[in-house]
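Source file: upload_39.txt (compact mmCIF, C-alpha atoms)
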# COMPACT_ATOMS: atom_id res chain seq x y z
CA MET X 1 -17.11 -7.62 -119.37
CA LYS X 2 -17.78 -9.40 -116.09
CA TYR X 3 -21.14 -9.56 -114.31
CA ARG X 4 -22.29 -9.52 -110.70
CA PRO X 5 -25.62 -10.28 -108.97
CA LEU X 6 -27.93 -7.30 -108.47
CA GLY X 7 -29.27 -7.72 -104.98
CA ARG X 8 -31.85 -10.50 -104.77
CA THR X 9 -33.42 -9.70 -108.15
CA GLY X 10 -31.90 -12.69 -109.93
CA TRP X 11 -30.34 -10.38 -112.51
CA LYS X 12 -26.62 -10.35 -113.19
CA VAL X 13 -25.45 -6.97 -114.40
CA SER X 14 -22.25 -5.66 -115.93
CA GLU X 15 -19.78 -4.56 -113.26
CA ILE X 16 -19.10 -1.46 -115.34
CA SER X 17 -22.51 -0.11 -116.24
CA PHE X 18 -23.71 3.21 -117.65
CA GLY X 19 -24.81 6.31 -115.76
CA ALA X 20 -27.08 8.39 -117.98
CA TRP X 21 -26.98 11.74 -116.17
CA ALA X 22 -24.46 13.26 -118.58
CA ILE X 23 -26.54 12.49 -121.68
CA GLY X 24 -29.61 14.03 -120.07
CA GLY X 25 -28.38 17.33 -118.73
CA ALA X 26 -26.28 19.30 -116.22
CA TRP X 27 -23.01 18.27 -117.88
CA GLY X 28 -22.99 20.70 -120.78
CA GLN X 29 -24.51 20.17 -124.20
CA VAL X 30 -24.60 16.64 -125.64
CA SER X 31 -26.19 16.07 -129.05
CA GLU X 32 -28.66 13.23 -129.60
CA GLU X 33 -26.20 11.65 -132.02
CA GLU X 34 -23.43 11.68 -129.43
CA ALA X 35 -25.72 10.43 -126.68
CA LEU X 36 -27.05 7.52 -128.72
CA GLY X 37 -23.52 6.72 -129.87
CA ALA X 38 -22.40 6.49 -126.26
CA LEU X 39 -25.36 4.27 -125.36
CA HIS X 40 -24.82 1.90 -128.27
CA GLU X 41 -21.11 1.67 -127.48
CA ALA X 42 -21.98 0.66 -123.93
CA ILE X 43 -24.12 -2.23 -125.18
CA ASP X 44 -21.43 -3.21 -127.69
CA GLN X 45 -18.99 -3.40 -124.77
CA GLY X 46 -21.24 -5.78 -122.84
CA VAL X 47 -23.05 -3.30 -120.60
CA ASN X 48 -26.54 -4.50 -119.70
CA PHE X 49 -27.48 -2.07 -116.92
CA ILE X 50 -28.24 1.64 -117.31
CA ASP X 51 -29.02 4.09 -114.51
CA THR X 52 -31.07 7.20 -115.23
CA ALA X 53 -33.64 9.51 -113.60
CA ASP X 54 -36.81 11.28 -114.60
CA VAL X 55 -35.19 14.70 -114.08
CA TYR X 56 -32.15 14.07 -116.28
CA GLY X 57 -32.95 16.54 -119.03
CA ASP X 58 -36.62 16.53 -117.96
CA GLY X 59 -37.08 13.01 -119.34
CA ARG X 60 -34.60 13.32 -122.21
CA SER X 61 -32.30 10.63 -120.81
CA GLU X 62 -35.17 8.17 -120.36
CA ARG X 63 -36.47 8.82 -123.87
CA LEU X 64 -33.02 8.22 -125.38
CA ILE X 65 -32.80 4.92 -123.50
CA ALA X 66 -36.21 3.94 -124.89
CA ARG X 67 -34.83 4.49 -128.40
CA LEU X 68 -31.79 2.39 -127.55
CA ARG X 69 -33.93 -0.48 -126.26
CA LYS X 70 -36.08 -0.40 -129.37
CA ALA X 71 -33.00 -0.65 -131.57
CA ARG X 72 -31.21 -3.45 -129.68
CA LYS X 73 -32.10 -7.10 -129.17
CA GLU X 74 -30.07 -7.51 -125.95
CA GLN X 75 -31.78 -7.53 -122.58
CA ILE X 76 -31.05 -4.17 -120.93
CA VAL X 77 -31.98 -3.58 -117.30
CA VAL X 78 -32.89 0.06 -116.71
CA ALA X 79 -32.95 1.69 -113.29
CA THR X 80 -34.58 5.07 -113.00
CA LYS X 81 -35.12 7.44 -110.09
CA ALA X 82 -37.97 9.59 -108.83
CA GLY X 83 -38.44 12.34 -106.29
CA ARG X 84 -36.40 15.29 -107.51
CA ARG X 85 -39.34 16.76 -109.41
CA LEU X 86 -40.55 18.15 -106.12
CA PRO X 87 -40.06 21.93 -106.05
CA ARG X 88 -38.93 21.53 -102.46
CA GLN X 89 -37.82 18.30 -100.81
CA THR X 90 -40.29 17.34 -98.07
CA VAL X 91 -41.39 14.03 -96.60
CA GLU X 92 -44.98 14.90 -97.49
CA GLY X 93 -43.96 15.13 -101.15
CA TYR X 94 -43.39 11.36 -101.19
CA SER X 95 -47.11 10.66 -101.37
CA ARG X 96 -48.92 7.85 -103.15
CA GLN X 97 -50.25 10.33 -105.72
CA ASN X 98 -46.82 11.77 -106.49
CA LEU X 99 -45.05 8.40 -106.59
CA THR X 100 -47.68 7.05 -108.97
CA GLN X 101 -47.46 10.13 -111.21
CA TRP X 102 -43.67 10.03 -111.37
CA ILE X 103 -43.70 6.34 -112.21
CA ASP X 104 -46.34 6.80 -114.90
CA ASP X 105 -44.25 9.57 -116.47
CA SER X 106 -41.15 7.35 -116.51
CA LEU X 107 -43.14 4.46 -117.98
CA ARG X 108 -44.17 6.72 -120.86
CA ASN X 109 -40.65 8.07 -121.36
CA LEU X 110 -39.14 4.58 -121.34
CA ALA X 111 -41.98 3.07 -123.40
CA ALA X 112 -42.16 0.32 -120.80
CA ASP X 113 -44.94 -1.71 -119.23
CA ALA X 114 -43.13 -1.82 -115.87
CA LEU X 115 -40.00 -0.18 -114.48
CA ASP X 116 -37.20 -2.68 -113.85
CA LEU X 117 -35.87 -0.83 -110.83
CA LEU X 118 -37.22 2.37 -109.30
CA GLN X 119 -35.00 4.28 -106.87
CA LEU X 120 -36.03 7.07 -104.53
CA HIS X 121 -33.83 9.94 -105.65
CA CYS X 122 -31.95 11.22 -102.59
CA PRO X 123 -35.04 12.02 -100.53
CA PRO X 124 -34.89 13.79 -97.15
CA THR X 125 -33.38 11.64 -94.42
CA GLU X 126 -36.71 11.51 -92.59
CA VAL X 127 -38.22 9.48 -95.44
CA TYR X 128 -36.21 6.49 -94.22
CA TYR X 129 -38.09 6.70 -90.94
CA ARG X 130 -41.47 6.54 -92.68
CA PRO X 131 -42.41 2.88 -93.31
CA GLU X 132 -45.56 4.01 -95.07
CA VAL X 133 -43.44 5.28 -97.99
CA PHE X 134 -41.92 1.84 -98.48
CA ALA X 135 -45.34 0.24 -98.07
CA MET X 136 -46.50 2.37 -101.02
CA LEU X 137 -43.59 1.04 -103.07
CA ASP X 138 -44.60 -2.50 -102.13
CA ASP X 139 -48.10 -1.71 -103.40
CA LEU X 140 -46.69 -0.39 -106.68
CA VAL X 141 -44.76 -3.65 -107.11
CA LYS X 142 -47.98 -5.61 -106.53
CA ALA X 143 -49.75 -3.38 -109.05
CA GLY X 144 -47.14 -4.30 -111.67
CA LYS X 145 -45.84 -0.77 -112.22
CA ILE X 146 -42.37 -1.56 -110.87
CA ARG X 147 -40.52 -4.86 -110.59
CA TYR X 148 -38.11 -3.90 -107.82
CA TYR X 149 -37.13 -0.81 -105.90
CA GLY X 150 -34.14 0.69 -104.16
CA VAL X 151 -32.81 4.04 -103.01
CA SER X 152 -30.21 6.57 -104.03
CA ILE X 153 -28.67 8.21 -100.98
CA GLU X 154 -26.28 10.94 -99.90
CA ARG X 155 -25.19 9.68 -96.48
CA VAL X 156 -24.05 6.30 -95.17
CA GLU X 157 -26.52 6.55 -92.31
CA GLU X 158 -29.40 6.77 -94.79
CA GLY X 159 -28.25 3.56 -96.42
CA LEU X 160 -28.09 1.73 -93.11
CA LYS X 161 -31.64 2.81 -92.34
CA ALA X 162 -32.94 2.03 -95.84
CA ILE X 163 -31.82 -1.59 -95.82
CA GLU X 164 -33.89 -2.23 -92.71
CA PHE X 165 -36.85 -2.34 -95.11
CA PRO X 166 -36.88 -5.91 -96.42
CA ASN X 167 -37.75 -5.18 -100.04
CA VAL X 168 -35.06 -2.58 -100.70
CA GLN X 169 -32.99 -4.37 -103.34
CA THR X 170 -30.34 -1.77 -104.11
CA VAL X 171 -28.60 1.26 -102.67
CA GLN X 172 -26.92 3.78 -104.92
CA ILE X 173 -24.16 5.63 -103.10
CA ILE X 174 -21.17 7.80 -103.95
CA PHE X 175 -18.08 5.62 -103.70
CA ASN X 176 -14.66 6.23 -105.21
CA CYS X 177 -11.00 6.76 -104.23
CA PHE X 178 -12.06 10.06 -102.65
CA ARG X 179 -15.19 8.80 -100.89
CA GLN X 180 -14.21 5.65 -99.01
CA ARG X 181 -16.39 5.80 -95.88
CA PRO X 182 -19.11 3.46 -97.23
CA ALA X 183 -16.68 0.54 -97.42
CA ALA X 184 -16.13 0.46 -93.67
CA LEU X 185 -19.56 1.43 -92.37
CA PHE X 186 -22.09 0.28 -94.94
CA PHE X 187 -20.75 -2.46 -97.19
CA PRO X 188 -20.66 -5.25 -94.57
CA GLN X 189 -24.31 -4.69 -93.66
CA ALA X 190 -25.39 -4.51 -97.31
CA ARG X 191 -23.51 -7.71 -98.14
CA GLN X 192 -25.12 -9.51 -95.22
CA LYS X 193 -28.59 -8.55 -96.45
CA GLN X 194 -27.74 -9.24 -100.12
CA VAL X 195 -28.42 -5.67 -101.14
CA GLY X 196 -26.93 -4.52 -104.43
CA ILE X 197 -24.62 -1.49 -104.33
CA LEU X 198 -24.44 0.91 -107.27
CA ALA X 199 -21.31 3.06 -107.01
CA ARG X 200 -22.10 6.45 -108.45
CA VAL X 201 -19.80 9.45 -109.10
CA PRO X 202 -17.05 6.83 -109.53
CA LEU X 203 -14.67 9.29 -111.19
CA ALA X 204 -15.41 12.21 -108.84
CA SER X 205 -16.93 14.32 -111.64
CA GLY X 206 -13.74 13.98 -113.67
CA LEU X 207 -11.15 14.56 -110.96
CA LEU X 208 -10.18 10.89 -111.15
CA THR X 209 -9.86 10.84 -114.94
CA GLY X 210 -6.55 12.70 -114.83
CA LYS X 211 -7.83 14.99 -117.57
CA LEU X 212 -8.70 18.06 -115.50
CA ARG X 213 -6.29 20.90 -114.83
CA PRO X 214 -6.28 23.99 -112.60
CA ASP X 215 -7.40 26.10 -115.57
CA SER X 216 -10.08 23.67 -116.83
CA THR X 217 -13.40 25.39 -117.50
CA PHE X 218 -16.93 24.01 -117.69
CA ALA X 219 -20.09 25.17 -119.44
CA ALA X 220 -22.55 27.34 -117.55
CA ASP X 221 -25.07 24.48 -117.55
CA ASP X 222 -22.52 21.99 -116.17
CA HIS X 223 -22.97 21.27 -112.45
CA ARG X 224 -19.20 21.56 -112.07
CA THR X 225 -19.77 25.27 -112.65
CA PHE X 226 -23.04 25.91 -110.85
CA ASN X 227 -22.91 23.48 -107.91
CA ARG X 228 -19.36 23.68 -106.60
CA HIS X 229 -20.60 24.89 -103.23
CA GLY X 230 -23.92 23.06 -103.20
CA GLU X 231 -25.94 25.89 -104.70
CA ALA X 232 -28.34 23.56 -106.58
CA PHE X 233 -28.13 20.20 -104.78
CA ASP X 234 -25.87 18.34 -102.36
CA VAL X 235 -22.30 19.49 -102.86
CA GLY X 236 -21.14 15.90 -102.52
CA GLU X 237 -22.49 15.21 -106.02
CA THR X 238 -19.93 17.60 -107.55
CA PHE X 239 -16.28 16.50 -107.41
CA ALA X 240 -17.45 14.08 -104.67
CA GLY X 241 -17.55 17.07 -102.33
CA VAL X 242 -13.78 17.59 -102.52
CA ASP X 243 -12.33 21.06 -102.97
CA TYR X 244 -11.23 21.26 -106.61
CA THR X 245 -7.63 22.26 -105.97
CA SER X 246 -7.17 19.67 -103.25
CA GLY X 247 -8.70 17.03 -105.48
CA LEU X 248 -6.33 17.81 -108.32
CA ASP X 249 -3.38 17.57 -105.95
CA ALA X 250 -4.45 14.16 -104.65
CA ALA X 251 -5.25 12.94 -108.15
CA GLU X 252 -1.70 13.74 -109.25
CA GLU X 253 -0.37 11.51 -106.48
CA ILE X 254 -2.68 8.70 -107.57
CA ARG X 255 -1.50 9.15 -111.16
CA ALA X 256 1.98 8.06 -110.05
CA LEU X 257 0.54 4.65 -109.11
CA LEU X 258 -0.88 3.81 -112.53
CA PRO X 259 0.20 0.35 -113.75
CA GLY X 260 0.19 1.20 -117.45
CA VAL X 261 -3.53 1.97 -117.69
CA SER X 262 -5.56 5.15 -117.93
CA MET X 263 -6.44 6.90 -114.70
CA SER X 264 -10.16 6.42 -115.32
CA GLN X 265 -9.67 2.68 -115.68
CA PHE X 266 -7.53 2.59 -112.55
CA ALA X 267 -10.16 4.44 -110.51
CA LEU X 268 -12.90 2.12 -111.72
CA ARG X 269 -10.81 -0.99 -111.10
CA TRP X 270 -10.19 0.26 -107.55
CA ILE X 271 -13.97 0.30 -106.98
CA LEU X 272 -14.32 -3.23 -108.35
CA MET X 273 -11.83 -4.50 -105.77
CA PHE X 274 -14.71 -4.32 -103.26
CA ASP X 275 -16.85 -7.40 -103.74
CA ALA X 276 -19.83 -5.78 -102.01
CA VAL X 277 -20.16 -3.46 -105.03
CA THR X 278 -22.47 -4.68 -107.76
CA CYS X 279 -21.37 -2.17 -110.36
CA ALA X 280 -19.84 1.22 -110.97
CA ILE X 281 -21.93 3.55 -113.12
CA PRO X 282 -19.66 6.06 -114.85
CA GLY X 283 -21.27 8.37 -117.34
CA GLY X 284 -20.07 9.04 -120.83
CA LYS X 285 -20.87 11.71 -123.39
CA ARG X 286 -18.93 10.03 -126.19
CA ALA X 287 -18.42 6.46 -127.35
CA ALA X 288 -14.66 6.64 -126.78
CA GLN X 289 -15.16 7.51 -123.12
CA VAL X 290 -17.53 4.59 -122.68
CA ALA X 291 -15.13 2.13 -124.32
CA GLU X 292 -12.30 3.31 -122.08
CA ASN X 293 -14.41 2.96 -118.95
CA CYS X 294 -15.60 -0.52 -119.86
CA GLY X 295 -12.00 -1.65 -120.25
CA ALA X 296 -11.64 -1.51 -116.47
CA SER X 297 -13.56 -4.78 -116.17
CA ASP X 298 -10.78 -6.63 -117.99
CA LEU X 299 -7.93 -5.35 -115.84
CA PRO X 300 -6.18 -7.64 -113.35
CA PRO X 301 -6.69 -7.00 -109.63
CA LEU X 302 -4.72 -4.16 -108.08
CA SER X 303 -1.88 -5.16 -105.78
CA ARG X 304 -2.02 -4.82 -102.01
CA GLU X 305 0.76 -2.27 -102.22
CA THR X 306 -1.21 -0.16 -104.70
CA LEU X 307 -4.36 -0.32 -102.57
CA ALA X 308 -2.36 0.71 -99.52
CA ALA X 309 -0.90 3.65 -101.43
CA VAL X 310 -4.37 4.89 -102.43
CA GLN X 311 -5.42 4.57 -98.81
CA ARG X 312 -2.46 6.68 -97.64
CA ILE X 313 -3.29 9.42 -100.14
CA TYR X 314 -6.93 9.41 -99.06
CA ASP X 315 -6.06 9.48 -95.35
CA ALA X 316 -3.61 12.34 -95.75
CA LYS X 317 -5.33 14.59 -98.29
CA ILE X 318 -9.01 13.71 -98.62
CA ARG X 319 -10.41 12.12 -95.47
CA PRO X 320 -10.17 15.36 -93.43
CA LEU X 321 -12.25 17.12 -96.10
CA VAL X 322 -15.06 14.61 -96.66
CA GLY X 323 -14.72 11.72 -94.22
CA PRO X 324 -17.23 12.73 -91.54
CA ARG X 325 -19.74 14.44 -93.86
CA TRP X 326 -21.23 11.61 -95.89
How does the structure come out when it is put into structure tokens?
Amino acid sequence: MKYRPLGRTGWKVSEISFGAWAIGGAWGQVSEEEALGALHEAIDQGVNFIDTADVYGDGRSERLIARLRKARKEQIVVATKAGRRLPRQTVEGYSRQNLTQWIDDSLRNLAADALDLLQLHCPPTEVYYRPEVFAMLDDLVKAGKIRYYGVSIERVEEGLKAIEFPNVQTVQIIFNCFRQRPAALFFPQARQKQVGILARVPLASGLLTGKLRPDSTFAADDHRTFNRHGEAFDVGETFAGVDYTSGLDAAEEIRALLPGVSMSQFALRWILMFDAVTCAIPGGKRAAQVAENCGASDLPPLSRETLAAVQRIYDAKIRPLVGPRW
């Protein structure tokens, strides 16, 4: 496992880290045994950074991570997110009272004295035009409740606005072979300001694993069933916003490029070719998935020809579908 600096925090984190959405909820049923097995496998593989949120299983994900930390001696940096507990997303919902309550809840779930990294969880765009919200976060750092803070965003433009605030350490953004716009518009600015980039949805909800088929089915409580058209939250979170059939078609073309590795590893290695990225945060319900994902860190760089081929597939089949939207 290789490690990269996380913003200006002084931490170096594993370039393949662990996204804990799947073990919390909205990805079908995962037993506690499976979830803890996946988490322990991640640490065994050298992962030292886990991303979660207070709403993943209504705190379940955070509580499982607390159990992991208690059982392991390694230093594990945990990033959590807050804001999606609001019944309706409004700027007014990001108040001092609510932020403090959400943080206190996460501190209890994680059995922690302070949160390593708190991220605003895809708030309304207008929040990024409210300096008072970020001033509140500064106050919470001074109070010792959080060590650092960042944001999780939907749109590139939100990221560009967020990093105008000097204490934003990280931006979590969807970035993968099917969502390439951040590399051109956002990465150079983030690198200049030494802001860490967490690449989420790195496997496009499974489309880039090569394991999905036209007749694949998903559980009723899996967002790939209930959010295909954005019924529950931003559609870009499900299959990276790509139409399922179109995504399968493009994924088959990418499969032809594989240099003797799994498609998941290839897709993750593609992300790591961008030095502005701090880490990719694939999820994993089972230990075997986690081990496979972590193997991407050991792969050699992809060739220029391979990168150009991925770009051609994206330009022809995916960019018209998602390019201008996020």
Gap from CA of Tyr148 in chain X to CA of Lys285 in chain X - Å, one decimal: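 Computing it gives 28.0 Å between the two atoms.
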How big is the axis-aligned box, and where does its centre sit, when it encloses all atoms of range 246-262 of chain X listed in the file and has 3 Å added on every side, reported in Å to one decimal as JSON?
{"center_x": -3.4, "center_y": 10.0, "center_z": -110.6, "size_x": 16.7, "size_y": 25.3, "size_z": 20.7}
Separation of CA of Thr217 in chain X from CA of Gly247 in chain X, in Å and rounded to one decimal: 15.4 Å
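Distances to Ser262 in chain X were evaluated for X:Arg4, X:His229, X:Lys211, X:Lys142 using all atoms listed in the file, and the minimum falls at X:Lys211.
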Atomic separation - CA of Glu154 in chain X relative to CA of Val133 in chain X, Å: 18.2 Å
Contacts of Ala162 in chain X at 9 Å (only C-alpha atoms; same-chain gap of 3+ positions) as a PyMOL selection string: chain X and resi 128-129+150-151+157-159+165-166+168+171
Go ahead and dump the residues you just picked, C-alpha atoms, as a compact mmCIF listing (two decimals), keeping the file's coordinate frame.
# COMPACT_ATOMS: atom_id res chain seq x y z
CA TYR X 128 -36.21 6.49 -94.22
CA TYR X 129 -38.09 6.70 -90.94
CA GLY X 150 -34.14 0.69 -104.16
CA VAL X 151 -32.81 4.04 -103.01
CA GLU X 157 -26.52 6.55 -92.31
CA GLU X 158 -29.40 6.77 -94.79
CA GLY X 159 -28.25 3.56 -96.42
CA PHE X 165 -36.85 -2.34 -95.11
CA PRO X 166 -36.88 -5.91 -96.42
CA VAL X 168 -35.06 -2.58 -100.70
CA VAL X 171 -28.60 1.26 -102.67
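The residue that comes closest to Arg325 in chain X, out of X:Glu292, X:Asp234, X:Asp58, X:Asp275 and on the basis of all atoms listed in the file, is X:Asp234.
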Who sits within 10 Å of Phe178 in chain X, all atoms listed in the file, same chain under 6 positions skipped, as a PyMOL selection string: chain X and resi 202-204+207-208+239-242+247+250-251+267+310-311+313-315+317-319+321-323
Take the residues just selected and output them with C-alpha atoms as a tab-separated table (two decimals), in the frame of the given file.
chain	number	residue	atom	x	y	z
X	202	PRO	CA	-17.05	6.83	-109.53
X	203	LEU	CA	-14.67	9.29	-111.19
X	204	ALA	CA	-15.41	12.21	-108.84
X	207	LEU	CA	-11.15	14.56	-110.96
X	208	LEU	CA	-10.18	10.89	-111.15
X	239	PHE	CA	-16.28	16.50	-107.41
X	240	ALA	CA	-17.45	14.08	-104.67
X	241	GLY	CA	-17.55	17.07	-102.33
X	242	VAL	CA	-13.78	17.59	-102.52
X	247	GLY	CA	-8.70	17.03	-105.48
X	250	ALA	CA	-4.45	14.16	-104.65
X	251	ALA	CA	-5.25	12.94	-108.15
X	267	ALA	CA	-10.16	4.44	-110.51
X	310	VAL	CA	-4.37	4.89	-102.43
X	311	GLN	CA	-5.42	4.57	-98.81
X	313	ILE	CA	-3.29	9.42	-100.14
X	314	TYR	CA	-6.93	9.41	-99.06
X	315	ASP	CA	-6.06	9.48	-95.35
X	317	LYS	CA	-5.33	14.59	-98.29
X	318	ILE	CA	-9.01	13.71	-98.62
X	319	ARG	CA	-10.41	12.12	-95.47
X	321	LEU	CA	-12.25	17.12	-96.10
X	322	VAL	CA	-15.06	14.61	-96.66
X	323	GLY	CA	-14.72	11.72	-94.22
Within 8 Å of range 98-107 of chain X using all atoms listed in the file, minus same-chain residues under 6 positions, as a PyMOL selection string: chain X and resi 54+59+62+80+82-83+113-115+140+145
12 Å contact set for Val156 in chain X, all atoms listed in the file, chain neighbours under 5 positions out, as a ChimeraX atom specification: /X:122,125,151,161-163,171-175,179-187,189-190,323-326
Point (-23.4, 6.8, -126.4), cut-off 12 Å, counting all atoms listed in the file, residues as a tab-separated table (two decimals) with C-alpha atoms, in the coordinates of the input:
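Dumped everything to out.tsv:
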chain	number	residue	atom	x	y	z
X	18	PHE	CA	-23.71	3.21	-117.65
X	19	GLY	CA	-24.81	6.31	-115.76
X	20	ALA	CA	-27.08	8.39	-117.98
X	21	TRP	CA	-26.98	11.74	-116.17
X	22	ALA	CA	-24.46	13.26	-118.58
X	23	ILE	CA	-26.54	12.49	-121.68
X	24	GLY	CA	-29.61	14.03	-120.07
X	30	VAL	CA	-24.60	16.64	-125.64
X	31	SER	CA	-26.19	16.07	-129.05
X	32	GLU	CA	-28.66	13.23	-129.60
X	33	GLU	CA	-26.20	11.65	-132.02
X	34	GLU	CA	-23.43	11.68	-129.43
X	35	ALA	CA	-25.72	10.43	-126.68
X	36	LEU	CA	-27.05	7.52	-128.72
X	37	GLY	CA	-23.52	6.72	-129.87
X	38	ALA	CA	-22.40	6.49	-126.26
X	39	LEU	CA	-25.36	4.27	-125.36
X	40	HIS	CA	-24.82	1.90	-128.27
X	41	GLU	CA	-21.11	1.67	-127.48
X	42	ALA	CA	-21.98	0.66	-123.93
X	43	ILE	CA	-24.12	-2.23	-125.18
X	44	ASP	CA	-21.43	-3.21	-127.69
X	45	GLN	CA	-18.99	-3.40	-124.77
X	47	VAL	CA	-23.05	-3.30	-120.60
X	50	ILE	CA	-28.24	1.64	-117.31
X	61	SER	CA	-32.30	10.63	-120.81
X	64	LEU	CA	-33.02	8.22	-125.38
X	65	ILE	CA	-32.80	4.92	-123.50
X	67	ARG	CA	-34.83	4.49	-128.40
X	68	LEU	CA	-31.79	2.39	-127.55
X	283	GLY	CA	-21.27	8.37	-117.34
X	284	GLY	CA	-20.07	9.04	-120.83
X	285	LYS	CA	-20.87	11.71	-123.39
X	286	ARG	CA	-18.93	10.03	-126.19
X	287	ALA	CA	-18.42	6.46	-127.35
X	288	ALA	CA	-14.66	6.64	-126.78
X	289	GLN	CA	-15.16	7.51	-123.12
X	290	VAL	CA	-17.53	4.59	-122.68
X	291	ALA	CA	-15.13	2.13	-124.32
Expected residue set, 9 Å radius at (0.1, 5.9, -103.1), only C-alpha atoms, as a list in words: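 Residues with an atom at most 9 Å from (0.1, 5.9, -103.1): Glu253, Ile254, Arg255, Ala256, Leu257, Glu305, Thr306, Leu307, Ala308, Ala309, Val310, Gln311, Arg312, Ile313 and Tyr314 of chain X.
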Write the residues of the selection above to a file with C-alpha atoms, as a PDB file, in the coordinates of the input.
ATOM      1  CA  GLU X 253      -0.370  11.510-106.480  1.00  0.00           C
ATOM      2  CA  ILE X 254      -2.680   8.700-107.570  1.00  0.00           C
ATOM      3  CA  ARG X 255      -1.500   9.150-111.160  1.00  0.00           C
ATOM      4  CA  ALA X 256       1.980   8.060-110.050  1.00  0.00           C
ATOM      5  CA  LEU X 257       0.540   4.650-109.110  1.00  0.00           C
ATOM      6  CA  GLU X 305       0.760  -2.270-102.220  1.00  0.00           C
ATOM      7  CA  THR X 306      -1.210  -0.160-104.700  1.00  0.00           C
ATOM      8  CA  LEU X 307      -4.360  -0.320-102.570  1.00  0.00           C
ATOM      9  CA  ALA X 308      -2.360   0.710 -99.520  1.00  0.00           C
ATOM     10  CA  ALA X 309      -0.900   3.650-101.430  1.00  0.00           C
ATOM     11  CA  VAL X 310      -4.370   4.890-102.430  1.00  0.00           C
ATOM     12  CA  GLN X 311      -5.420   4.570 -98.810  1.00  0.00           C
ATOM     13  CA  ARG X 312      -2.460   6.680 -97.640  1.00  0.00           C
ATOM     14  CA  ILE X 313      -3.290   9.420-100.140  1.00  0.00           C
ATOM     15  CA  TYR X 314      -6.930   9.410 -99.060  1.00  0.00           C
TER      16      TYR X 314
END
Gln89 in chain X environment, 8 Å, all atoms listed in the file, sequence neighbours closer than 3 positions dropped, as number ranges by chain: X: 84, 86, 93, 123-124
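In terms of minimum interatomic distance to Gln265 in chain X, X:Ile16 ranks closest within X:Ile16, X:Val235, X:Leu118, X:Leu137, counting only C-alpha atoms.
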